[in-house]
Each structure stands twice: as C-alpha cells, then as structure tokens.
Amino acid sequence: MAQEVGQEMANQLGFANFIQNVDSVGKAVLVFLLILSIASWYLIFTKSFANWLEAKRAKAFLEKFRDVTSLEQLNSILRQGKPDNAFANLATEGLSALRNAGSFGSQKLAGAGGISEFMTRAIRNGIDQESARSENGLTILASAGSASPYVGLFGTVWAIYHALVAIGLSGQGTLDKVAGQWVKRLL
C-alpha cells in the first residue's frame, strides 16, 4: 500500500508531470534559471582553469624575473615570448614607459611629477587593465547569484497561485484537495 502511494506520488510530483502541466510563465522561469545555471557553471569552470593557468605562468615568469640583473636581460626575457601573465604584462608596461619617458621631454615630465610619477602611472594603468581582464564575466555571476532566489521564489508563488485557483474551481477546500490524494490514503 505504502509503495503504491509512493509510486503514485512520484508520478504526480515528478519532473515529467511538471513539464506536461506547467504553463508558459512556469516554462519561462525554468528556462531562465537553467540559462543562469549554465552561465554560472561555465564561468566557474573557465575562471578556475584560467586562474590555475595564470598562476602557473606567473610562477614561471617570477622565477626568471628574480634572477634578472639588468633591464637588457629583462627585455630579452620578455622578447622570448608574448607576455602570458599579469606580471609579464606589468614588466612590459614598465619597460615601455621607461623607453617612452624620454620622448615626453623633461619639461612635461617635471610638470607631471617626473619620471618616477610617469612610471607609477603607467604601471597603475597596467594593473587596472589586468584587473579588468581578470574580472571579465563576474558581473554575470553576481547577477545570477543575486537574481536566482527571486526568480525561483516567483516560480514558487506562481505555482501556489495555480494550485489555489484549481482548489477554488473545484469548489471544495478539503484536506484531500489542499494536500493531495496521497495524504488521504496515508490517513
């Protein structure tokens, strides 16, 4: 008896039954939540892999960078390959700023704070660019995290509304209508 009730309840409350009986608003909520979930998991996996790869590349670059004794040696290390991590990009920005500092003239640099200030601005600009690059996609993840509970709550309220309308149309607000046929069988 209990097994039959459990089987019938599974048929009434199963996902296939939900898909068959849900209206277009319910399907839209389900699709929206599914899209947010897929986007979130995609970002979680790709960002995790990208961070792991970035850390590995940064570690290799920093090991070489710590052994550098001159700017020429650093320049040759950077020319060996395209900068593939944040530290290599910052070193490239710094060397580029150092090379370009002379073309701005001493009068202009003095008014702007000198070569030290020029280098600081160039490296800060590089840090801002790296931060923006590493934060790419996090807006979607934050939006999904903040919106999903409310979308799910809306779906729940929509389902309760339909259940109450069905009870009202039946004309009977008894326990078997409110709680379902399986509760009546258990009692």
# chains A, B, ... in the order shown; residues from 1 in each chain; ligands from 1
$ residues_around --residues "A:Leu33" --least-positions-apart "5" --cutoff "9 Å" --atoms "only C-alpha atoms" --output "list in words"
Ala28, Ile38, Ala144, Ser148, Val151 and Gly152 of chain A
$ residues_around --residues "A:Arg124" --least-positions-apart "2" --cutoff "12 Å" --atoms "only C-alpha atoms" --output "compact mmCIF listing (two decimals) with N, CA and C atoms, in the first residue's frame"
# COMPACT_ATOMS: atom_id res chain seq x y z
N ASN A 89 53.06 41.22 -18.20
CA ASN A 89 52.41 42.40 -18.78
C ASN A 89 52.83 43.67 -18.05
N LEU A 90 52.89 43.60 -16.73
CA LEU A 90 53.32 44.78 -15.96
C LEU A 90 54.78 45.14 -16.22
N ALA A 91 55.62 44.12 -16.35
CA ALA A 91 57.03 44.38 -16.66
C ALA A 91 57.15 45.00 -18.05
N GLU A 93 54.82 46.83 -19.54
CA GLU A 93 54.33 48.20 -19.39
C GLU A 93 55.40 49.10 -18.78
N GLY A 94 56.08 48.61 -17.76
CA GLY A 94 57.12 49.39 -17.10
C GLY A 94 58.28 49.70 -18.04
N ALA A 97 57.14 52.22 -20.61
CA ALA A 97 57.06 53.56 -20.02
C ALA A 97 58.46 54.15 -19.86
N GLU A 117 56.93 59.44 -11.23
CA GLU A 117 55.46 59.55 -11.30
C GLU A 117 54.94 58.98 -12.61
N PHE A 118 55.65 59.23 -13.72
CA PHE A 118 55.26 58.70 -15.02
C PHE A 118 55.25 57.17 -15.00
N MET A 119 56.27 56.57 -14.43
CA MET A 119 56.36 55.10 -14.32
C MET A 119 55.24 54.56 -13.44
N THR A 120 54.98 55.25 -12.32
CA THR A 120 53.91 54.82 -11.41
C THR A 120 52.56 54.83 -12.11
N ARG A 121 52.29 55.89 -12.88
CA ARG A 121 51.02 55.96 -13.62
C ARG A 121 50.91 54.85 -14.65
N ALA A 122 52.00 54.58 -15.35
CA ALA A 122 51.99 53.54 -16.39
C ALA A 122 51.74 52.16 -15.77
N GLY A 126 48.51 49.61 -16.07
CA GLY A 126 48.64 48.18 -16.37
C GLY A 126 47.92 47.31 -15.35
N ILE A 127 48.01 47.69 -14.08
CA ILE A 127 47.31 46.94 -13.02
C ILE A 127 45.80 47.04 -13.22
N ASP A 128 45.31 48.23 -13.58
CA ASP A 128 43.87 48.39 -13.84
C ASP A 128 43.42 47.54 -15.01
N GLN A 129 44.24 47.48 -16.06
CA GLN A 129 43.89 46.65 -17.22
C GLN A 129 43.86 45.17 -16.86
N GLU A 130 44.83 44.73 -16.07
CA GLU A 130 44.87 43.33 -15.65
C GLU A 130 43.68 42.99 -14.75
N SER A 131 43.33 43.92 -13.88
CA SER A 131 42.16 43.71 -13.01
C SER A 131 40.89 43.58 -13.83
$ atom_distance --atom1 "atom CA of A:Phe61" --atom2 "atom CA of A:Ser116"
24.4 Å
$ residues_around --residues "A:Leu138" --least-positions-apart "2" --cutoff "12 Å" --atoms "only C-alpha atoms" --output "ChimeraX atom specification"
/A:39-44,46-47,131-136,140-145
$ write_last_selection --atoms "N, CA and C atoms" --output "CSV table (one decimal), in the first residue's frame"
chain,number,residue,atom,x,y,z
A,39,ALA,N,25.3,29.4,-17.4
A,39,ALA,CA,26.3,30.5,-17.5
A,39,ALA,C,27.2,30.5,-16.2
A,40,SER,N,26.6,30.3,-15.1
A,40,SER,CA,27.4,30.3,-13.8
A,40,SER,C,28.4,29.2,-13.8
A,41,TRP,N,28.0,28.0,-14.2
A,41,TRP,CA,28.9,26.9,-14.1
A,41,TRP,C,30.0,27.0,-15.2
A,42,TYR,N,29.6,27.6,-16.4
A,42,TYR,CA,30.6,27.8,-17.4
A,42,TYR,C,31.7,28.8,-16.9
A,43,LEU,N,31.2,29.9,-16.2
A,43,LEU,CA,32.2,30.9,-15.7
A,43,LEU,C,33.0,30.3,-14.6
A,44,ILE,N,32.4,29.5,-13.7
A,44,ILE,CA,33.1,28.9,-12.6
A,44,ILE,C,34.2,28.0,-13.1
A,46,THR,N,35.6,27.9,-16.3
A,46,THR,CA,36.6,28.6,-17.1
A,46,THR,C,37.5,29.5,-16.3
A,47,LYS,N,36.9,30.2,-15.3
A,47,LYS,CA,37.7,31.1,-14.5
A,47,LYS,C,38.6,30.3,-13.6
A,131,SER,N,43.3,43.9,-13.9
A,131,SER,CA,42.2,43.7,-13.0
A,131,SER,C,40.9,43.6,-13.8
A,132,ALA,N,40.7,44.5,-14.8
A,132,ALA,CA,39.5,44.4,-15.7
A,132,ALA,C,39.5,43.1,-16.5
A,133,ARG,N,40.7,42.7,-16.9
A,133,ARG,CA,40.7,41.4,-17.7
A,133,ARG,C,40.4,40.2,-16.8
A,134,SER,N,40.9,40.2,-15.6
A,134,SER,CA,40.6,39.1,-14.7
A,134,SER,C,39.2,39.1,-14.2
A,135,GLU,N,38.5,40.2,-14.1
A,135,GLU,CA,37.1,40.3,-13.6
A,135,GLU,C,36.1,40.2,-14.7
A,136,ASN,N,36.5,39.9,-15.9
A,136,ASN,CA,35.6,39.8,-17.0
A,136,ASN,C,34.7,38.6,-16.8
A,140,ILE,N,28.1,38.7,-14.7
A,140,ILE,CA,27.1,37.7,-14.9
A,140,ILE,C,26.9,36.8,-13.7
A,141,LEU,N,28.0,36.4,-13.2
A,141,LEU,CA,27.9,35.5,-12.0
A,141,LEU,C,27.3,36.2,-10.8
A,142,ALA,N,27.6,37.5,-10.6
A,142,ALA,CA,27.0,38.2,-9.5
A,142,ALA,C,25.5,38.4,-9.7
A,143,SER,N,25.1,38.7,-11.0
A,143,SER,CA,23.7,38.9,-11.3
A,143,SER,C,22.9,37.6,-11.1
A,144,ALA,N,23.5,36.5,-11.6
A,144,ALA,CA,22.8,35.2,-11.4
A,144,ALA,C,22.7,34.9,-9.9
A,145,GLY,N,23.7,35.2,-9.1
A,145,GLY,CA,23.6,34.9,-7.7
A,145,GLY,C,22.6,35.7,-7.0
$ atom_distance --atom1 "atom CA of A:Ala50" --atom2 "atom CA of A:Lys64"
21.2 Å
$ closest_residue --among "A:Phe87, A:Thr69, A:Ile123, A:Thr139" --to "A:Lys56" --atoms "only C-alpha atoms"
A:Phe87
$ atom_distance --atom1 "atom CA of A:Phe45" --atom2 "atom CA of A:Asn85"
18.9 Å
$ closest_residue --among "A:Val22, A:Phe65, A:Gly114, A:Ile77" --to "A:Leu98" --atoms "only C-alpha atoms"
A:Gly114
